[in-house]
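Have a look at the structure below, then the notes.
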Amino acid sequence: MVDIYIEAIKGVDRHHIEYIAKKVIEQKGDRVYTFTRERIKWHKEQGHKVIAISGSPIELVKEMSNKYNMDDYKGSIYLRDDDDNYTGEIIPMWDSESKQNAIKELTEKYDIELDKSFAYGDTSGDFTMFKSVGIPYAINPTKELLAKVMENDEVREKIKVIVERKDVTYNLDINNIQFL
């Protein structure tokens, strides 16, 4: 998908992509899972910093963060040339190392206590976030992420696994998951 996206935006002006991102979030931004929307609302009510760290293009992450009144965000950066057109080069935010660096930067910026912090993720790139925080949640996790969690005693003991389908939210016991 990333390769297709790169080819689609290469040479396109920044304003076009920002416009498209804004329209996508306006039209589809409410498709965020119920559990996730409720958690964002709960964190805001508690006075917590709410920060998105996503592998999605930063233009989309920015719009989604604005929609849900988040305090900050990080996303994959697709580089632009001097004319503000996309070059096809990327600074990714989908891998564990990039997310770990983002956590370090944001922890320093906001004086965050990670042992009291929450993290939500769904792919293996989120695993380092789970290791870093005191209260991790795997939301509709990939099989690869679940395998990493199950191999790590520290994370397995503290994680909550949530699967949301249609109008039902399941809180799974990580110790009783079997792969089929």
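Chain labels A, B, ... are given in the sequence in which chains occur in the structure tokens; within each chain residues are numbered consecutively from 1, and ligands are likewise numbered from 1 in the order shown.
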Note to self: I want to know what sits within 7 Å of segment 48-62 of chain A, based on only C-alpha atoms, with residues of the same chain fewer than 2 positions away left out; could you give that as a PyMOL selection string?
What the structure shows: chain A and resi 18+21+43-44+46+64-66+70-77+92-94+99
Tell me, as a tab-separated table (two decimals) with N, CA, C and O atoms, in the first residue's frame, which residues lie within 7 Å of Phe127 of chain A, counting only C-alpha atoms; anything in the same chain fewer than 3 positions away does not count.
```tsv
chain	number	residue	atom	x	y	z
A	96	SER	N	8.97	0.03	14.86
A	96	SER	CA	9.21	0.14	16.30
A	96	SER	C	10.23	1.22	16.63
A	96	SER	O	10.06	1.99	17.59
A	124	SER	N	2.69	-4.75	14.77
A	124	SER	CA	3.94	-5.09	15.45
A	124	SER	C	4.82	-3.86	15.69
A	124	SER	O	5.62	-3.84	16.62
A	130	PHE	N	4.27	-0.58	23.74
A	130	PHE	CA	3.71	-1.42	24.80
A	130	PHE	C	4.75	-1.71	25.88
A	130	PHE	O	4.42	-1.76	27.06
A	131	LYS	N	5.99	-1.93	25.47
A	131	LYS	CA	7.05	-2.18	26.43
A	131	LYS	C	7.35	-0.93	27.26
A	131	LYS	O	7.73	-1.03	28.43
A	145	LEU	N	1.56	-9.02	15.96
A	145	LEU	CA	1.64	-8.29	17.23
A	145	LEU	C	1.31	-9.21	18.39
A	145	LEU	O	2.02	-9.21	19.40
```
Item checked: Near-Tyr86 of chain A list (9 Å; only C-alpha atoms; drop same-chain fewer than 6 positions) as number ranges by chain -> A: 6, 9-14, 78-80
Checklist line | Expected answer as a PyMOL selection string: strand (DSSP E) residues in segment 20-174 of chain A | finding: chain A and resi 51-57+72-80+86-91+118-121+135-139+160-165+168-172
Dump as a PDB file, in the first residue's frame, selection limited to C-alpha atoms:
```
ATOM      1  CA  ILE A  51      -1.148  12.034  21.376  1.00  0.00           C
ATOM      2  CA  ALA A  52      -1.437  10.077  18.129  1.00  0.00           C
ATOM      3  CA  ILE A  53       1.621   8.185  16.911  1.00  0.00           C
ATOM      4  CA  SER A  54       0.692   6.530  13.649  1.00  0.00           C
ATOM      5  CA  GLY A  55       2.307   5.060  10.572  1.00  0.00           C
ATOM      6  CA  SER A  56      -0.308   6.795   8.439  1.00  0.00           C
ATOM      7  CA  PRO A  57       0.690   9.871   6.419  1.00  0.00           C
ATOM      8  CA  ASP A  72      -0.069  16.336  19.552  1.00  0.00           C
ATOM      9  CA  TYR A  73       0.633  13.840  16.793  1.00  0.00           C
ATOM     10  CA  LYS A  74       3.345  12.065  14.810  1.00  0.00           C
ATOM     11  CA  GLY A  75       2.932  10.344  11.472  1.00  0.00           C
ATOM     12  CA  SER A  76       4.921   9.188   8.469  1.00  0.00           C
ATOM     13  CA  ILE A  77       6.370  12.151   6.618  1.00  0.00           C
ATOM     14  CA  TYR A  78       6.379  12.089   2.846  1.00  0.00           C
ATOM     15  CA  LEU A  79       9.111  14.518   1.813  1.00  0.00           C
ATOM     16  CA  ARG A  80       8.584  17.429  -0.577  1.00  0.00           C
ATOM     17  CA  TYR A  86       6.047  15.169  -2.983  1.00  0.00           C
ATOM     18  CA  THR A  87       9.282  13.407  -3.955  1.00  0.00           C
ATOM     19  CA  GLY A  88       8.458   9.808  -3.064  1.00  0.00           C
ATOM     20  CA  GLU A  89      10.903   9.755  -0.146  1.00  0.00           C
ATOM     21  CA  ILE A  90       9.579   8.856   3.308  1.00  0.00           C
ATOM     22  CA  ILE A  91      10.476   9.310   6.944  1.00  0.00           C
ATOM     23  CA  PHE A 118      -1.425   4.349  28.176  1.00  0.00           C
ATOM     24  CA  ALA A 119      -0.593   3.177  24.658  1.00  0.00           C
ATOM     25  CA  TYR A 120      -2.955   1.813  22.038  1.00  0.00           C
ATOM     26  CA  GLY A 121      -1.827  -0.058  18.967  1.00  0.00           C
ATOM     27  CA  ILE A 135      -0.919   0.414  30.549  1.00  0.00           C
ATOM     28  CA  PRO A 136      -0.836  -0.955  26.985  1.00  0.00           C
ATOM     29  CA  TYR A 137      -3.862  -1.874  24.897  1.00  0.00           C
ATOM     30  CA  ALA A 138      -3.787  -3.946  21.724  1.00  0.00           C
ATOM     31  CA  ILE A 139      -6.836  -2.938  19.698  1.00  0.00           C
ATOM     32  CA  LYS A 160      -5.262  -5.592  27.592  1.00  0.00           C
ATOM     33  CA  VAL A 161      -6.388  -7.034  24.262  1.00  0.00           C
ATOM     34  CA  ILE A 162      -9.529  -5.518  22.781  1.00  0.00           C
ATOM     35  CA  VAL A 163     -11.262  -6.756  19.651  1.00  0.00           C
ATOM     36  CA  GLU A 164     -14.155  -4.740  18.331  1.00  0.00           C
ATOM     37  CA  ARG A 165     -16.488  -6.094  15.683  1.00  0.00           C
ATOM     38  CA  VAL A 168     -19.597  -5.687  20.175  1.00  0.00           C
ATOM     39  CA  THR A 169     -16.315  -5.083  22.023  1.00  0.00           C
ATOM     40  CA  TYR A 170     -14.396  -8.095  23.359  1.00  0.00           C
ATOM     41  CA  ASN A 171     -11.768  -7.951  26.105  1.00  0.00           C
ATOM     42  CA  LEU A 172      -9.633 -11.035  25.448  1.00  0.00           C
TER      43      LEU A 172
END
```
Margin query: Counting only C-alpha atoms, which residue out of A:Pro141, A:Asp115, A:Ile103, A:Met150 sits closest to Thr128 of chain A?
Written below: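 Distance minimum relative to Thr128 of chain A lands on A:Ile103.
Near Lys116 of chain A, within 6 Å and counting only C-alpha atoms, sit A:Glu113, A:Leu114, A:Gly134; same-chain residues fewer than 2 positions away were not included.
We find atom CA of Tyr19 of chain A and atom CA of Lys41 of chain A to be spaced 26.4 Å apart.
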Notebook entry, point to check: Per DSSP on the backbone, what are the helix (DSSP H, G or I) residues of segment 22-54 of chain A, as a ChimeraX atom specification?
Noted result: /A:22-31,34-45
